[in-house]
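Colleague: One file: entry-v2.txt (compact mmCIF, C-alpha atoms).
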# COMPACT_ATOMS: atom_id res chain seq x y z
CA MET A 15 83.85 327.61 35.13
CA LEU A 16 84.50 324.61 32.88
CA SER A 17 81.43 322.65 31.83
CA VAL A 18 81.71 318.89 31.92
CA PHE A 19 79.75 317.28 29.13
CA SER A 20 78.11 313.87 29.33
CA ASP A 21 78.74 310.81 27.20
CA GLU A 22 75.33 311.45 25.64
CA HIS A 23 76.43 314.95 24.60
CA PHE A 24 79.49 313.62 22.79
CA MET A 25 77.57 310.74 21.24
CA GLN A 26 75.17 313.35 19.85
CA GLN A 27 78.21 314.95 18.21
CA ALA A 28 79.13 311.58 16.70
CA LEU A 29 75.54 311.22 15.48
CA LYS A 30 75.86 314.56 13.68
CA GLU A 31 78.82 313.08 11.82
CA ALA A 32 76.85 309.92 11.06
CA ARG A 33 74.08 312.03 9.56
CA GLN A 34 76.64 313.71 7.29
CA ALA A 35 77.74 310.27 6.12
CA PHE A 36 74.09 309.36 5.51
CA GLU A 37 73.55 312.49 3.41
CA GLY A 38 76.67 311.63 1.40
CA GLY A 39 75.50 308.10 0.64
CA GLU A 40 77.97 306.54 3.05
CA ILE A 41 77.12 303.98 5.72
CA PRO A 42 76.11 306.35 8.53
CA VAL A 43 78.81 305.95 11.13
CA GLY A 44 80.24 308.97 12.90
CA ALA A 45 83.00 309.47 15.42
CA VAL A 46 84.49 312.17 17.59
CA VAL A 47 87.63 312.14 19.71
CA VAL A 48 87.46 314.04 22.97
CA CYS A 49 90.40 315.19 25.07
CA GLN A 50 90.00 317.21 28.26
CA ASN A 51 86.26 317.55 27.64
CA GLN A 52 86.81 319.08 24.19
CA VAL A 53 86.19 317.58 20.75
CA ILE A 54 89.57 317.56 19.02
CA ALA A 55 88.62 315.45 15.99
CA ARG A 56 85.46 314.51 14.14
CA ALA A 57 84.90 312.20 11.21
CA HIS A 58 82.40 310.01 9.41
CA ASN A 59 82.67 307.12 7.01
CA GLN A 60 84.14 308.18 3.66
CA THR A 61 84.85 304.85 1.98
CA GLU A 62 82.77 305.71 -1.09
CA LEU A 63 84.01 309.28 -1.43
CA LEU A 64 87.67 308.36 -1.06
CA ARG A 65 87.33 304.94 -2.71
CA ASP A 66 89.24 303.59 0.27
CA VAL A 67 88.00 300.60 2.27
CA THR A 68 89.98 301.82 5.29
CA ALA A 69 88.27 305.24 5.42
CA HIS A 70 86.09 304.30 8.38
CA ALA A 71 85.01 307.05 10.78
CA GLU A 72 87.22 305.70 13.56
CA ILE A 73 90.37 305.58 11.42
CA LEU A 74 89.82 309.11 10.10
CA ALA A 75 89.10 310.41 13.62
CA ILE A 76 92.23 308.76 15.05
CA THR A 77 94.35 310.33 12.30
CA ALA A 78 92.84 313.78 12.87
CA ALA A 79 93.29 313.53 16.66
CA SER A 80 96.89 312.35 16.29
CA ASN A 81 97.60 315.29 14.00
CA TYR A 82 95.93 317.70 16.42
CA LEU A 83 97.97 316.42 19.39
CA ASN A 84 101.10 315.76 17.33
CA SER A 85 101.24 312.29 18.88
CA LYS A 86 100.52 308.78 17.71
CA TYR A 87 99.25 307.88 21.17
CA LEU A 88 95.83 309.00 22.38
CA ARG A 89 96.01 307.72 25.96
CA ASP A 90 94.15 310.71 27.44
CA CYS A 91 91.40 310.68 24.81
CA THR A 92 87.98 309.11 24.39
CA LEU A 93 86.57 307.98 21.06
CA PHE A 94 82.79 308.22 20.71
CA VAL A 95 81.51 306.23 17.73
CA THR A 96 77.95 305.46 16.72
CA LEU A 97 78.56 301.82 15.78
CA GLU A 98 80.69 299.14 17.41
CA PRO A 99 84.08 299.26 15.66
CA CYS A 100 85.10 296.50 13.28
CA VAL A 101 88.20 294.38 13.82
CA MET A 102 90.31 296.65 11.58
CA CYS A 103 89.31 299.70 13.60
CA ALA A 104 89.86 297.85 16.89
CA GLY A 105 93.44 297.23 15.74
CA ALA A 106 93.92 300.95 15.09
CA LEU A 107 92.39 301.72 18.48
CA PHE A 108 94.83 299.27 20.08
CA TRP A 109 97.88 300.86 18.44
CA SER A 110 96.77 304.40 19.27
CA GLN A 111 96.33 303.32 22.91
CA LEU A 112 93.08 305.25 23.26
CA GLY A 113 92.19 305.74 26.90
CA ARG A 114 88.51 305.07 26.40
CA VAL A 115 86.16 303.89 23.67
CA VAL A 116 82.42 304.53 23.80
CA TYR A 117 80.13 303.14 21.12
CA GLY A 118 76.41 303.36 20.52
CA ALA A 119 74.88 300.50 18.55
CA PRO A 120 76.29 296.97 18.56
CA ASP A 121 77.37 295.33 15.30
CA ASP A 122 76.65 291.62 15.68
CA LYS A 123 77.98 290.78 12.20
CA ARG A 124 81.20 292.80 11.93
CA GLY A 125 81.88 294.21 15.41
CA PHE A 126 85.13 293.48 17.21
CA MET A 127 83.35 292.19 20.33
CA ARG A 128 82.70 288.93 18.48
CA TYR A 129 86.35 288.32 19.32
CA GLY A 130 86.36 290.07 22.69
CA LYS A 131 87.68 293.18 24.37
CA SER A 132 91.21 291.77 24.16
CA LEU A 133 91.48 293.34 20.69
CA LEU A 134 91.71 296.72 22.44
CA HIS A 135 94.74 297.93 24.38
CA PRO A 136 94.70 296.46 27.91
CA LYS A 137 94.41 299.93 29.48
CA THR A 138 91.54 301.07 27.22
CA GLN A 139 88.24 301.45 29.05
CA LEU A 140 85.17 300.35 27.10
CA GLU A 141 81.60 301.64 27.35
CA PHE A 142 78.72 300.83 25.04
CA GLY A 143 75.02 301.32 24.52
CA ILE A 144 75.09 305.13 24.70
CA LEU A 145 72.17 306.35 22.54
CA ALA A 146 72.17 302.87 21.00
CA GLU A 147 68.59 303.06 19.73
CA GLU A 148 69.15 306.36 17.95
CA CYS A 149 72.42 305.14 16.44
CA ALA A 150 70.84 301.88 15.26
CA ALA A 151 67.76 303.66 13.85
CA LEU A 152 69.89 305.76 11.48
CA LEU A 153 71.62 302.64 10.18
CA LYS A 154 68.30 300.83 9.77
CA VAL A 155 66.81 303.66 7.69
CA PHE A 156 69.95 303.80 5.53
CA PHE A 157 69.89 300.10 4.70
CA GLN A 158 66.11 300.08 4.16
CA GLN A 159 66.52 302.85 1.61
CA ARG A 160 69.36 300.96 -0.09
CA ARG A 161 67.21 297.84 -0.48
CA GLU A 162 64.40 299.90 -2.00
CA LEU A 163 66.61 301.31 -4.78
CA PRO A 164 65.98 299.79 -8.22
Show me, as structure tokens, the structure contained in the file I just sent.
Modeller:
Amino acid sequence: MLSVFSDEHFMQQALKEARQAFEGGEIPVGAVVVCQNQVIARAHNQTELLRDVTAHAEILAITAASNYLNSKYLRDCTLFVTLEPCVMCAGALFWSQLGRVVYGAPDDKRGFMRYGKSLLHPKTQLEFGILAEECAALLKVFFQQRRELP
């Protein structure tokens, strides 16, 4: 019998990716793409490692999922990401036509919701606040440690 996992389960998977980013000195954002209740792509921020400002977790996860499905459209997929996507990532989410986006912590400074849900594809469902405190706590620790560095 097929197990159906919860949004919390998949956000925990995204948090694992965020912790990998943290350990690598990257801003700790993680993402997974789920299709038919299965993780088909996982990624975390790699902007420092790749020296690429576009190497956000969401972009890398979209690319991996598109490669996995051999399709540029991800209509039947859900992206779970630990932090509200930025405007750049919202554009990529729009063009990939993701069926659903679920994010944990809000990003009041850089998040796309400053401009509204209209940045996403009209058919994309949006959920937020899943494990928000845990997602935000990892970011807070990261930036506190950065400020303490000499």
Colleague: Could you tell me how far CA of Val46 in chain A sits from CA of Phe94 in chain A, in Å to one decimal place?
Modeller: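 A separation of 5.3 Å between them.
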Colleague: Pull the neighbourhood of (81.4, 309.6, 8.1) for me: all residues within 8 Å in file coordinates, counting only C-alpha atoms, as a PyMOL selection string.
Modeller: chain A and resi 31-36+40-45+57-60+70-71
Colleague: Quick check, in Å to one decimal: how far apart do CA of Thr138 in chain A and CA of Ala150 in chain A lie?
Modeller: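 The value is 23.9 Å.
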Colleague: Using CA of Val48 in chain A and CA of Ile73 in chain A as the two end points, give the distance in Å to one decimal.
Modeller: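 If I compute the distance from CA of Val48 in chain A to CA of Ile73 in chain A, I get 14.6 Å.
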Colleague: Smallest atom-to-atom distance to Glu148 in chain A: which of A:Cys100, A:Val18, A:Met25, A:Val67, using all atoms listed in the file?
Modeller: A:Met25
Colleague: Let me make sure I understand: among A:Arg124, A:Lys154, A:Arg65, A:Arg114, which one has the smallest atom-to-atom distance to Asp90 in chain A if we use all atoms listed in the file?
Modeller: A:Arg114
Colleague: May I ask which of the residues A:Gln139, A:Asn81, A:Thr96, A:Ser110 is the closest one to Gln27 in chain A, counting all atoms listed in the file?
Modeller: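 Smallest distance to Gln27 in chain A is found for A:Thr96.
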Colleague: Measuring atom to atom with only C-alpha atoms, identify which of A:Cys91, A:Ile54, A:Leu97, A:Ala28 is nearest to Ala78 in chain A.
Modeller: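 Among the listed residues, the smallest separation from Ala78 in chain A belongs to A:Ile54.
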Colleague: Please provide the set of residues having any atom within 7 Å of Cys103 in chain A, restricted to all atoms listed in the file, with same-chain residues fewer than 4 positions apart removed, written as a ChimeraX atom specification.
Modeller: /A:72-73,99,107
Colleague: Looking at A:Phe156, A:Leu83, A:Asp21, A:Glu62, which one is nearest to Val116 in chain A, with distances taken over all atoms listed in the file?
Modeller: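 Checking each candidate against Val116 in chain A, we get A:Asp21 as the closest.
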Colleague: Taking into account all atoms listed in the file, which residue in the set A:Thr92, A:Ser132, A:Gln159, A:Glu98 is nearest to Val115 in chain A?
Modeller: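 Once distances to Val115 in chain A are computed over all atoms listed in the file, the minimum belongs to A:Thr92.
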Colleague: Name all residues at most 9 Å from Trp109 in chain A (count all atoms listed in the file; drop same-chain ones fewer than 5 positions away) and give them as a CSV table (one decimal) with C-alpha atoms, keeping the file's coordinate frame.
Modeller:
chain,number,residue,atom,x,y,z
A,86,LYS,CA,100.5,308.8,17.7
A,87,TYR,CA,99.2,307.9,21.2
A,104,ALA,CA,89.9,297.8,16.9
A,134,LEU,CA,91.7,296.7,22.4
A,135,HIS,CA,94.7,297.9,24.4
